[in-house]
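Structure data (compact mmCIF, C-alpha atoms (C1' of nucleotides)) from final.txt:
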```txt
# COMPACT_ATOMS: atom_id res chain seq x y z
CA MET A 1 130.01 132.89 102.64
CA LYS A 2 130.90 134.78 105.75
CA ILE A 3 129.71 137.99 104.17
CA GLU A 4 126.40 136.53 103.14
CA HIS A 5 125.83 135.33 106.66
CA GLU A 6 126.42 138.85 107.95
CA GLU A 7 123.99 140.23 105.42
CA ILE A 8 121.31 137.79 106.44
CA ARG A 9 121.85 138.65 110.07
CA LYS A 10 121.61 142.37 109.32
CA MET A 11 118.39 141.81 107.41
CA PHE A 12 117.03 139.97 110.44
CA TYR A 13 117.88 142.83 112.80
CA ASP A 14 116.57 145.50 110.46
CA LYS A 15 113.32 143.72 109.77
CA CYS A 16 112.68 143.02 113.44
CA ALA A 17 113.40 146.62 114.40
CA ASP A 18 111.18 147.79 111.59
CA LYS A 19 108.25 145.67 112.74
CA ARG A 20 108.86 146.28 116.46
CA LEU A 21 109.82 142.72 117.21
CA LYS A 22 112.26 142.50 120.10
CA ILE A 23 115.52 140.72 119.50
CA THR A 24 115.62 137.90 122.01
CA PRO A 25 118.10 135.04 122.27
CA GLN A 26 115.27 132.67 121.39
CA ARG A 27 114.39 134.55 118.23
CA SER A 28 117.99 134.88 117.10
CA LEU A 29 118.57 131.20 117.59
CA ILE A 30 115.39 130.15 115.83
CA PHE A 31 116.18 132.42 112.92
CA ASP A 32 119.74 131.10 112.62
CA GLU A 33 118.57 127.53 112.80
CA LEU A 34 115.95 127.97 110.11
CA SER A 35 118.37 129.89 107.90
CA LYS A 36 120.66 126.88 107.90
CA ALA A 37 117.85 124.45 107.14
CA THR A 38 117.32 123.10 103.65
CA ASP A 39 114.63 120.59 104.51
CA HIS A 40 111.49 122.69 105.05
CA PRO A 41 111.31 121.68 108.70
CA THR A 42 108.20 121.54 110.84
CA ALA A 43 107.97 123.63 114.00
CA ASP A 44 108.69 120.50 115.99
CA ALA A 45 111.86 119.81 114.03
CA ILE A 46 113.12 123.34 114.71
CA TYR A 47 112.16 122.93 118.36
CA LYS A 48 114.34 119.81 118.62
CA ARG A 49 117.27 121.61 116.99
CA VAL A 50 117.18 124.75 119.12
CA ARG A 51 116.82 122.76 122.32
CA LYS A 52 120.39 121.61 121.84
CA THR A 53 121.43 125.20 122.54
CA LEU A 54 118.60 126.49 124.73
CA SER A 55 117.50 123.40 126.57
CA ASN A 56 114.47 124.90 128.27
CA ILE A 57 112.99 126.81 125.37
CA SER A 58 109.29 126.05 125.04
CA PHE A 59 107.61 124.65 122.00
CA ASP A 60 105.09 127.47 122.09
CA THR A 61 107.86 130.02 121.76
CA VAL A 62 109.29 128.25 118.73
CA TYR A 63 105.91 127.96 117.13
CA ARG A 64 104.84 131.53 117.81
CA THR A 65 108.19 132.84 116.69
CA LEU A 66 108.04 131.03 113.37
CA LEU A 67 104.58 132.46 112.77
CA SER A 68 105.79 135.96 113.68
CA PHE A 69 108.68 135.61 111.28
CA THR A 70 106.25 134.54 108.60
CA GLU A 71 104.13 137.62 109.19
CA ILE A 72 107.05 140.00 108.84
CA GLY A 73 108.22 138.16 105.74
CA ILE A 74 111.58 136.75 106.79
CA VAL A 75 110.22 133.20 106.78
CA ASN A 76 107.89 131.43 104.36
CA LEU A 77 105.20 128.93 105.11
CA VAL A 78 105.53 126.18 102.54
CA GLU A 79 102.37 125.39 100.64
CA GLY A 80 101.19 121.85 101.16
CA THR A 81 97.99 119.89 101.39
CA GLY A 82 97.09 119.97 105.02
CA GLU A 83 99.80 118.16 106.86
CA GLN A 84 101.88 119.88 109.55
CA LYS A 85 102.99 123.39 108.82
CA ARG A 86 106.41 123.54 107.20
CA PHE A 87 108.73 126.53 107.20
CA GLU A 88 111.62 127.74 105.08
CA PRO A 89 113.88 130.79 105.13
CA ASN A 90 112.75 133.48 102.73
CA LEU A 91 116.07 134.25 101.13
CA HIS A 92 115.41 134.09 97.41
CA GLN A 93 112.43 133.33 95.20
CA HIS A 94 112.10 129.71 94.23
CA HIS A 95 109.56 127.05 93.37
CA HIS A 96 108.69 123.59 94.55
CA PHE A 97 108.44 120.07 93.24
CA ARG A 98 106.47 118.03 95.71
CA CYS A 99 106.31 114.25 95.76
CA ILE A 100 102.75 113.09 96.37
CA LYS A 101 103.98 109.81 97.84
CA CYS A 102 106.62 110.77 100.40
CA HIS A 103 105.69 114.47 100.67
CA THR A 104 109.30 115.52 100.15
CA ILE A 105 109.59 119.03 98.79
CA TYR A 106 112.39 119.77 96.34
CA ASP A 107 113.34 123.42 95.78
CA PHE A 108 114.35 124.75 92.41
CA GLU A 109 114.95 128.15 90.89
CA ASN A 110 113.64 129.24 87.53
CA ASP A 111 113.66 132.72 86.08
CA ALA A 112 110.83 132.02 83.67
CA TYR A 113 108.61 131.07 86.59
CA ASN A 114 109.64 134.16 88.52
CA ASP A 115 108.57 136.33 85.60
CA ILE A 116 105.29 134.64 84.87
CA ALA A 117 102.59 137.15 83.93
CA VAL A 118 99.64 137.67 86.25
CA PRO A 119 96.35 137.45 84.29
CA LYS A 120 94.34 140.68 84.12
CA ALA A 121 91.33 139.02 85.70
CA VAL A 122 93.37 138.14 88.77
CA GLN A 123 94.93 141.58 88.98
CA LYS A 124 91.42 142.91 89.48
CA GLN A 125 90.78 140.52 92.35
CA GLY A 126 93.61 141.72 94.51
CA VAL A 127 97.25 142.61 94.92
CA ILE A 128 99.73 139.84 94.16
CA ILE A 129 102.63 139.57 96.58
CA ASN A 130 104.00 136.17 95.72
CA LYS A 131 104.11 133.93 92.67
CA ARG A 132 104.85 130.28 93.16
CA VAL A 133 104.74 127.32 90.82
CA VAL A 134 104.06 123.98 92.41
CA LEU A 135 104.89 120.90 90.41
CA GLU A 136 103.43 117.72 91.82
CA GLY A 137 104.43 114.24 90.94
CA ILE A 138 106.34 111.19 92.03
CA CYS A 139 110.01 111.55 92.81
CA SER A 140 112.69 109.13 91.62
CA LYS A 141 113.04 107.54 95.04
CA CYS A 142 109.36 106.69 95.25
CA LYS A 143 109.11 105.67 91.60
CA GLY A 144 111.48 102.80 92.20
CA LYS A 145 109.76 101.75 95.43
CA MET B 1 74.37 120.97 81.78
CA LYS B 2 72.36 117.79 82.15
CA ILE B 3 74.76 116.01 79.87
CA GLU B 4 77.80 117.19 81.73
CA HIS B 5 76.32 115.97 84.97
CA GLU B 6 75.82 112.53 83.44
CA GLU B 7 79.40 112.51 82.22
CA ILE B 8 80.70 113.38 85.64
CA ARG B 9 78.62 110.64 87.20
CA LYS B 10 79.87 108.13 84.65
CA MET B 11 83.44 109.14 85.36
CA PHE B 12 82.78 108.57 89.05
CA TYR B 13 81.40 105.07 88.48
CA ASP B 14 84.15 104.11 86.06
CA LYS B 15 86.92 105.36 88.28
CA CYS B 16 85.54 103.65 91.36
CA ALA B 17 85.09 100.36 89.50
CA ASP B 18 88.58 100.70 88.11
CA LYS B 19 90.11 101.21 91.55
CA ARG B 20 87.89 98.64 93.28
CA LEU B 21 86.03 101.18 95.38
CA LYS B 22 82.49 100.08 96.11
CA ILE B 23 79.72 102.45 95.15
CA THR B 24 77.88 103.18 98.37
CA PRO B 25 75.12 105.71 98.98
CA GLN B 26 77.53 107.60 101.21
CA ARG B 27 80.20 107.83 98.52
CA SER B 28 77.74 108.84 95.82
CA LEU B 29 76.33 111.55 98.01
CA ILE B 30 79.72 112.87 99.06
CA PHE B 31 80.89 112.93 95.47
CA ASP B 32 77.76 114.75 94.29
CA GLU B 33 78.01 117.26 97.07
CA LEU B 34 81.66 118.07 96.37
CA SER B 35 81.04 118.25 92.63
CA LYS B 36 78.51 121.01 93.25
CA ALA B 37 80.85 122.91 95.58
CA THR B 38 82.75 125.94 94.39
CA ASP B 39 84.16 126.98 97.75
CA HIS B 40 86.95 124.45 98.43
CA PRO B 41 85.14 123.06 101.46
CA THR B 42 86.74 121.39 104.45
CA ALA B 43 85.76 117.83 105.37
CA ASP B 44 83.61 119.26 108.11
CA ALA B 45 81.72 121.51 105.71
CA ILE B 46 80.98 118.53 103.45
CA TYR B 47 79.92 116.54 106.51
CA LYS B 48 77.36 119.22 107.42
CA ARG B 49 75.99 119.26 103.88
CA VAL B 50 75.60 115.52 103.44
CA ARG B 51 73.96 115.15 106.84
CA LYS B 52 70.94 116.93 105.45
CA THR B 53 70.37 113.87 103.29
CA LEU B 54 71.96 111.09 105.34
CA SER B 55 71.41 112.26 108.86
CA ASN B 56 73.44 109.58 110.59
CA ILE B 57 76.49 109.50 108.34
CA SER B 58 79.66 109.67 110.42
CA PHE B 59 82.34 112.29 110.10
CA ASP B 60 84.93 109.56 109.76
CA THR B 61 83.20 108.20 106.69
CA VAL B 62 83.14 111.61 105.07
CA TYR B 63 86.78 112.22 105.87
CA ARG B 64 88.00 108.80 104.75
CA THR B 65 85.92 109.01 101.61
CA LEU B 66 87.35 112.37 100.62
CA LEU B 67 90.85 111.01 101.10
CA SER B 68 90.02 107.91 99.04
CA PHE B 69 88.66 110.09 96.27
CA THR B 70 91.86 112.10 96.38
CA GLU B 71 93.93 108.95 96.01
CA ILE B 72 92.05 107.79 92.94
CA GLY B 73 92.24 111.25 91.43
CA ILE B 74 88.60 112.33 91.26
CA VAL B 75 89.12 114.91 94.00
CA ASN B 76 91.97 117.34 94.64
CA LEU B 77 93.43 118.43 97.91
CA VAL B 78 93.92 122.18 97.70
CA GLU B 79 97.41 123.40 98.45
CA GLY B 80 97.53 125.71 101.43
CA THR B 81 99.81 126.56 104.29
CA GLY B 82 98.81 124.23 107.03
CA GLU B 83 95.26 125.01 107.94
CA GLN B 84 92.50 122.42 107.68
CA LYS B 85 92.51 120.24 104.61
CA ARG B 86 90.40 121.65 101.81
CA PHE B 87 88.97 119.69 98.92
CA GLU B 88 87.75 120.47 95.43
CA PRO B 89 86.37 118.44 92.55
CA ASN B 90 88.99 117.52 89.98
CA LEU B 91 87.06 118.46 86.87
CA HIS B 92 89.39 120.71 84.89
CA GLN B 93 92.86 122.14 85.35
CA HIS B 94 92.94 125.50 87.05
CA HIS B 95 95.06 127.67 89.30
CA HIS B 96 94.63 129.53 92.54
CA PHE B 97 94.84 133.02 93.92
CA ARG B 98 94.96 132.80 97.69
CA CYS B 99 94.38 135.71 100.04
CA ILE B 100 96.93 135.65 102.85
CA LYS B 101 94.57 137.56 105.15
CA CYS B 102 91.24 135.73 104.93
CA HIS B 103 92.56 132.50 103.34
CA THR B 104 89.94 132.61 100.63
CA ILE B 105 90.98 130.73 97.52
CA TYR B 106 89.90 132.08 94.15
CA ASP B 107 90.01 129.71 91.16
CA PHE B 108 91.02 130.85 87.74
CA GLU B 109 91.85 129.20 84.44
CA ASN B 110 94.79 130.16 82.28
CA ASP B 111 96.09 128.32 79.28
CA ALA B 112 99.56 129.81 79.52
CA TYR B 113 99.87 128.43 83.03
CA ASN B 114 98.61 125.02 81.93
CA ASP B 115 101.31 124.91 79.28
CA ILE B 116 104.19 126.09 81.44
CA ALA B 117 107.39 124.19 80.63
CA VAL B 118 108.88 121.87 83.23
CA PRO B 119 112.60 122.61 83.73
CA LYS B 120 114.97 119.83 82.65
CA ALA B 121 116.48 119.64 86.11
CA VAL B 122 113.09 118.87 87.61
CA GLN B 123 112.26 116.32 84.93
CA LYS B 124 115.24 114.36 86.16
CA GLN B 125 113.99 114.40 89.74
CA GLY B 126 110.70 112.68 89.02
CA VAL B 127 107.54 112.39 86.98
CA ILE B 128 105.31 115.45 86.96
CA ILE B 129 101.60 114.76 87.27
CA ASN B 130 100.27 118.17 88.06
CA LYS B 131 101.27 121.76 87.40
CA ARG B 132 99.77 124.46 89.51
CA VAL B 133 100.46 128.15 89.84
CA VAL B 134 99.67 129.69 93.19
CA LEU B 135 99.38 133.45 93.34
CA GLU B 136 99.39 134.83 96.84
CA GLY B 137 98.35 138.27 97.89
CA ILE B 138 95.61 140.33 99.45
CA CYS B 139 92.16 140.21 97.93
CA SER B 140 90.01 143.30 97.31
CA LYS B 141 87.76 142.55 100.27
CA CYS B 142 90.66 142.45 102.70
CA LYS B 143 92.45 145.39 101.10
CA GLY B 144 89.61 147.68 102.09
CA LYS B 145 89.35 146.24 105.58
C1' DT C 1 122.97 154.02 133.18
C1' DT C 2 118.62 153.18 135.08
C1' DG C 3 113.63 152.46 135.70
C1' DA C 4 109.22 151.61 133.67
C1' DC C 5 106.49 149.05 130.82
C1' DA C 6 105.02 146.64 126.93
C1' DA C 7 106.33 142.53 124.94
C1' DA C 8 108.08 137.91 125.26
C1' DT C 9 108.83 133.54 127.59
C1' DA C 10 108.20 128.80 129.96
C1' DG C 11 105.25 125.51 131.21
C1' DG C 12 101.25 123.44 130.94
C1' DA C 13 96.44 123.06 129.75
C1' DA C 14 92.74 123.44 126.23
C1' DT C 15 91.13 123.09 121.64
C1' DG C 16 90.42 121.27 117.26
C1' DA C 17 91.68 118.34 113.27
C1' DT C 18 92.79 113.90 112.02
C1' DT C 19 93.26 109.01 112.54
C1' DA C 20 92.42 104.51 114.74
C1' DC C 21 89.38 100.97 116.56
C1' DT C 22 85.56 97.62 116.55
C1' DA C 23 81.22 95.59 115.98
C1' DT C 24 77.79 95.66 112.47
C1' DA C 25 76.06 96.25 107.81
C1' DT C 26 76.43 96.03 102.85
C1' DA C 27 78.10 96.05 97.76
C1' DG C 28 79.81 93.15 94.47
C1' DT C 29 80.31 88.63 92.74
C1' DA C 30 79.90 83.56 91.98
C1' DT D 1 70.64 83.92 96.78
C1' DA D 2 74.80 83.41 99.80
C1' DC D 3 79.46 84.59 100.61
C1' DT D 4 83.23 87.64 101.64
C1' DA D 5 85.93 91.49 101.50
C1' DT D 6 84.86 96.32 102.24
C1' DA D 7 82.63 100.00 104.16
C1' DT D 8 80.18 102.20 107.85
C1' DA D 9 78.69 104.42 112.45
C1' DG D 10 80.00 105.61 116.65
C1' DT D 11 83.41 106.51 119.58
C1' DA D 12 87.98 106.89 121.44
C1' DA D 13 92.75 108.14 120.85
C1' DT D 14 96.34 110.91 118.91
C1' DC D 15 98.61 114.79 117.36
C1' DA D 16 99.17 119.67 115.86
C1' DT D 17 98.03 124.03 117.17
C1' DT D 18 96.56 127.62 120.16
C1' DC D 19 95.60 129.64 124.61
C1' DC D 20 96.50 130.95 129.46
C1' DT D 21 99.14 132.92 133.32
C1' DA D 22 102.79 134.08 136.21
C1' DT D 23 107.34 135.60 135.47
C1' DT D 24 111.14 137.56 132.93
C1' DT D 25 113.37 140.59 129.68
C1' DG D 26 114.30 143.96 125.73
C1' DT D 27 113.72 148.61 124.59
C1' DC D 28 113.35 153.33 125.16
C1' DA D 29 113.04 157.69 127.41
C1' DA D 30 114.88 160.38 131.01
```
Take the structure in the file and write it out as structure tokens.
Amino acid sequence: MKIEHEEIRKMFYDKCADKRLKITPQRSLIFDELSKATDHPTADAIYKRVRKTLSNISFDTVYRTLLSFTEIGIVNLVEGTGEQKRFEPNLHQHHHFRCIKCHTIYDFENDAYNDIAVPKAVQKQGVIINKRVVLEGICSKCKGK
Amino acid sequence: MKIEHEEIRKMFYDKCADKRLKITPQRSLIFDELSKATDHPTADAIYKRVRKTLSNISFDTVYRTLLSFTEIGIVNLVEGTGEQKRFEPNLHQHHHFRCIKCHTIYDFENDAYNDIAVPKAVQKQGVIINKRVVLEGICSKCKGK
DNA sequence: TTGACAAATAGGAATGATTACTATATAGTA
DNA sequence: TACTATATAGTAATCATTCCTATTTGTCAA
């Protein structure tokens, strides 16, 4: 556990250095906070969490930082249908089951999905960077509403 | 072609009657306009199109109507990463290739993707209504920017 | 280690999408 | 045809996101 945390931190430093992003206390904190998160938080949720440590951090900084992290690939934007942006750490490939009632997103891993073949027709249309399966439905909690 | 159009229209009437949605000129027009669309338009884009026919239709009506259609299943909300909501007619199952640069969404059909198996673990978490594969990457247009 | 400078930040204001409100009009039904 | 629940237009309010500016701070080269 400890070791993995160190690895993640090293990846963060390396990637930032690589992409010429300065390591600031704000960025370190935001990265740590999102790395811990398992709930696909919104920018506002992260803002509330980091304010406990850096009480005068601005929302804009949190928001911009999350978008920067997304651009350099250490954070993912979760696909959704137009609500607030939601973020997640980009630590290992996984897929989503999304409840259409409560909008909760459940992560799951699946090797078959990771290895899904890209159709030839699509290969011609561009370069594929990411493959994600989205299962939509109604979760158990909402089913028994 | 003519026949398919009639079928789509019948489906629209049946589904609205079924869900107790009144058939209004506004709704018919919005449905027709989206059915023709192949570009995953935003509510605003649909608003601009229907205004050519109903010049004083309100944006709110268009927006609410699209959301109603989504709820009764004759329209899909396109999964994205937090930009404006985008809509598409729900006429046949398909999948998406999304360019992370220009945000264009390319539709494609693929039987293998339609038939993808739902993991047991997910089956326990809820009822799956929809399966969608999202391929992300950079499209040819953006590649040669 | 220090100084210079591009990059990043806080705070707040502006923008743009979405939702809410209300008086009026209308589709569906008896 | 007349009634009634819905739907609509027009507008206002809300909320997420982005922009702006003066100030601060990492980073890098000397």
Near Val127 (chain A), counting only C-alpha atoms (C1' of nucleotides), which residues have an atom at most 9 Å away, once you skip same-chain residues fewer than 6 positions from it, shown as a list in words? Glu136, Gly137, Ile138, Cys139, Ser140 and Lys143 of chain B
Same residues, C-alpha atoms, output as a PDB file, in the frame of the given file:
```
ATOM      1  CA  GLU B 136      99.390 134.830  96.840  1.00  0.00           C
ATOM      2  CA  GLY B 137      98.350 138.270  97.890  1.00  0.00           C
ATOM      3  CA  ILE B 138      95.610 140.330  99.450  1.00  0.00           C
ATOM      4  CA  CYS B 139      92.160 140.210  97.930  1.00  0.00           C
ATOM      5  CA  SER B 140      90.010 143.300  97.310  1.00  0.00           C
ATOM      6  CA  LYS B 143      92.450 145.390 101.100  1.00  0.00           C
TER       7      LYS B 143
END
```
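With distances restricted to all atoms listed in the file, A:Val62 is the closest residue to Pro25 (chain A) from A:Leu91, A:Val62, A:Cys99, A:Ala121.
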Within 6 Å of chain A, which residues of chain B are there when counting only C-alpha atoms? Please give them as a VMD selection string. chain B and resid 77 to 82 84 to 85 125 to 140
Residues as selected, C-alpha atoms, written as a compact mmCIF listing (two decimals), in the frame of the given file, can you do that?
```
# COMPACT_ATOMS: atom_id res chain seq x y z
CA LEU B 77 93.43 118.43 97.91
CA VAL B 78 93.92 122.18 97.70
CA GLU B 79 97.41 123.40 98.45
CA GLY B 80 97.53 125.71 101.43
CA THR B 81 99.81 126.56 104.29
CA GLY B 82 98.81 124.23 107.03
CA GLN B 84 92.50 122.42 107.68
CA LYS B 85 92.51 120.24 104.61
CA GLN B 125 113.99 114.40 89.74
CA GLY B 126 110.70 112.68 89.02
CA VAL B 127 107.54 112.39 86.98
CA ILE B 128 105.31 115.45 86.96
CA ILE B 129 101.60 114.76 87.27
CA ASN B 130 100.27 118.17 88.06
CA LYS B 131 101.27 121.76 87.40
CA ARG B 132 99.77 124.46 89.51
CA VAL B 133 100.46 128.15 89.84
CA VAL B 134 99.67 129.69 93.19
CA LEU B 135 99.38 133.45 93.34
CA GLU B 136 99.39 134.83 96.84
CA GLY B 137 98.35 138.27 97.89
CA ILE B 138 95.61 140.33 99.45
CA CYS B 139 92.16 140.21 97.93
CA SER B 140 90.01 143.30 97.31
```
Which residues are close to Lys19 (chain B), i.e. within 12 Å by all atoms listed in the file, leaving aside same-chain residues fewer than 2 positions away? Reply as a PyMOL selection string. chain B and resi 12-17+21-23+68-69+71-74
Identify, on the basis of all atoms listed in the file, every residue whose closest approach to Ser35 (chain A) does not exceed 10 Å; exclude the query and any residue fewer than 6 positions from it along the same chain; express the result as a CSV table (one decimal) with C-alpha atoms, keeping the file's coordinate frame.
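Wrote it out as result.csv, contents follow:
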```
chain,number,residue,atom,x,y,z
A,5,HIS,CA,125.8,135.3,106.7
A,8,ILE,CA,121.3,137.8,106.4
A,9,ARG,CA,121.8,138.6,110.1
A,29,LEU,CA,118.6,131.2,117.6
A,74,ILE,CA,111.6,136.8,106.8
A,75,VAL,CA,110.2,133.2,106.8
A,88,GLU,CA,111.6,127.7,105.1
A,89,PRO,CA,113.9,130.8,105.1
A,90,ASN,CA,112.8,133.5,102.7
A,91,LEU,CA,116.1,134.2,101.1
```
When you get a sec, could you note down which chain D residues fall within 10 Å of chain B, using all atoms listed in the file, as a PyMOL selection string? chain D and resi 6-10+16-17
Give as a PDB file with C-alpha atoms (C1' of nucleotides), in the coordinates of the input every residue of chain C that touches chain A within 8 Å, counting all atoms listed in the file.
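Here's the written file result-v9.pdb:
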```pdb
ATOM      1  C1'  DA C   7     106.330 142.530 124.940  1.00  0.00           C
ATOM      2  C1'  DT C   9     108.830 133.540 127.590  1.00  0.00           C
ATOM      3  C1'  DA C  10     108.200 128.800 129.960  1.00  0.00           C
ATOM      4  C1'  DG C  11     105.250 125.510 131.210  1.00  0.00           C
TER       5       DG C  11
END
```
Grab the CA of Lys10 (chain B) to CA of Pro41 (chain B) distance for me, in Å with one decimal place.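 Distance reported for this atom pair: 23.1 Å.
The coordinates place CA of Thr53 (chain B) at 11.6 Å from CA of Ser28 (chain B).
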Using all atoms listed in the file, which of A:Asp39, A:Asp18, A:Glu7, A:Asp44 sits nearest DC15 (chain D)?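 Selected residue with least distance to DC15 (chain D): A:Asp44.
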Quick one: distance from CA of Ile30 (chain A) to CA of His103 (chain A) in Å, one decimal? 23.9 Å
With only C-alpha atoms (C1' of nucleotides) as the basis for distance, which of B:Gly144, B:His40, B:Tyr63, B:Glu6 is at the shortest distance from DA17 (chain C)? B:Tyr63
Would you kindly return, as a list in words, each protein, DNA or RNA residue with an atom no farther than 12 Å from any atom of DA13 (chain C), considering all atoms listed in the file and excluding same-chain residues fewer than 6 positions away? DT18, DC19, DC20 and DT21 of chain D
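Every protein, DNA or RNA residue with an atom at most 10 Å from DC21 (chain C), where only C-alpha atoms (C1' of nucleotides) count and chain neighbours fewer than 6 positions away do not, is listed here: D:DT11, D:DA12, D:DA13.
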Render region 118-130 of chain A from the structure in the preceding block as a file of N, CA and C atoms, as a PDB file, in the first residue's frame.
```
ATOM      1  N   VAL A 118     -11.110  -3.038 -32.157  1.00  0.00           N
ATOM      2  CA  VAL A 118     -11.599  -1.816 -32.801  1.00  0.00           C
ATOM      3  C   VAL A 118     -11.932  -2.130 -34.259  1.00  0.00           C
ATOM      4  N   PRO A 119     -13.151  -1.866 -34.690  1.00  0.00           N
ATOM      5  CA  PRO A 119     -13.542  -2.169 -36.083  1.00  0.00           C
ATOM      6  C   PRO A 119     -12.643  -1.441 -37.081  1.00  0.00           C
ATOM      7  N   LYS A 120     -12.394  -2.082 -38.206  1.00  0.00           N
ATOM      8  CA  LYS A 120     -11.532  -1.499 -39.248  1.00  0.00           C
ATOM      9  C   LYS A 120     -12.031  -0.129 -39.682  1.00  0.00           C
ATOM     10  N   ALA A 121     -13.336  -0.023 -39.849  1.00  0.00           N
ATOM     11  CA  ALA A 121     -13.912   1.240 -40.316  1.00  0.00           C
ATOM     12  C   ALA A 121     -13.550   2.387 -39.381  1.00  0.00           C
ATOM     13  N   VAL A 122     -13.536   2.094 -38.080  1.00  0.00           N
ATOM     14  CA  VAL A 122     -13.220   3.145 -37.113  1.00  0.00           C
ATOM     15  C   VAL A 122     -11.721   3.450 -37.122  1.00  0.00           C
ATOM     16  N   GLN A 123     -10.930   2.413 -37.307  1.00  0.00           N
ATOM     17  CA  GLN A 123      -9.477   2.624 -37.360  1.00  0.00           C
ATOM     18  C   GLN A 123      -9.107   3.630 -38.437  1.00  0.00           C
ATOM     19  N   LYS A 124      -9.898   3.623 -39.512  1.00  0.00           N
ATOM     20  CA  LYS A 124      -9.634   4.565 -40.607  1.00  0.00           C
ATOM     21  C   LYS A 124     -10.013   5.994 -40.230  1.00  0.00           C
ATOM     22  N   GLN A 125     -10.934   6.120 -39.295  1.00  0.00           N
ATOM     23  CA  GLN A 125     -11.423   7.460 -38.950  1.00  0.00           C
ATOM     24  C   GLN A 125     -10.529   8.214 -37.980  1.00  0.00           C
ATOM     25  N   GLY A 126      -9.619   7.487 -37.344  1.00  0.00           N
ATOM     26  CA  GLY A 126      -8.744   8.180 -36.407  1.00  0.00           C
ATOM     27  C   GLY A 126      -7.940   7.211 -35.554  1.00  0.00           C
ATOM     28  N   VAL A 127      -7.211   7.770 -34.618  1.00  0.00           N
ATOM     29  CA  VAL A 127      -6.375   6.972 -33.728  1.00  0.00           C
ATOM     30  C   VAL A 127      -7.109   6.780 -32.410  1.00  0.00           C
ATOM     31  N   ILE A 128      -7.248   5.543 -31.982  1.00  0.00           N
ATOM     32  CA  ILE A 128      -7.976   5.260 -30.751  1.00  0.00           C
ATOM     33  C   ILE A 128      -7.022   5.307 -29.562  1.00  0.00           C
ATOM     34  N   ILE A 129      -7.373   6.070 -28.571  1.00  0.00           N
ATOM     35  CA  ILE A 129      -6.533   6.202 -27.382  1.00  0.00           C
ATOM     36  C   ILE A 129      -7.151   5.448 -26.211  1.00  0.00           C
ATOM     37  N   ASN A 130      -8.453   5.389 -26.200  1.00  0.00           N
ATOM     38  CA  ASN A 130      -9.167   4.881 -25.042  1.00  0.00           C
ATOM     39  C   ASN A 130     -10.374   4.059 -25.470  1.00  0.00           C
TER      40      ASN A 130
END
```
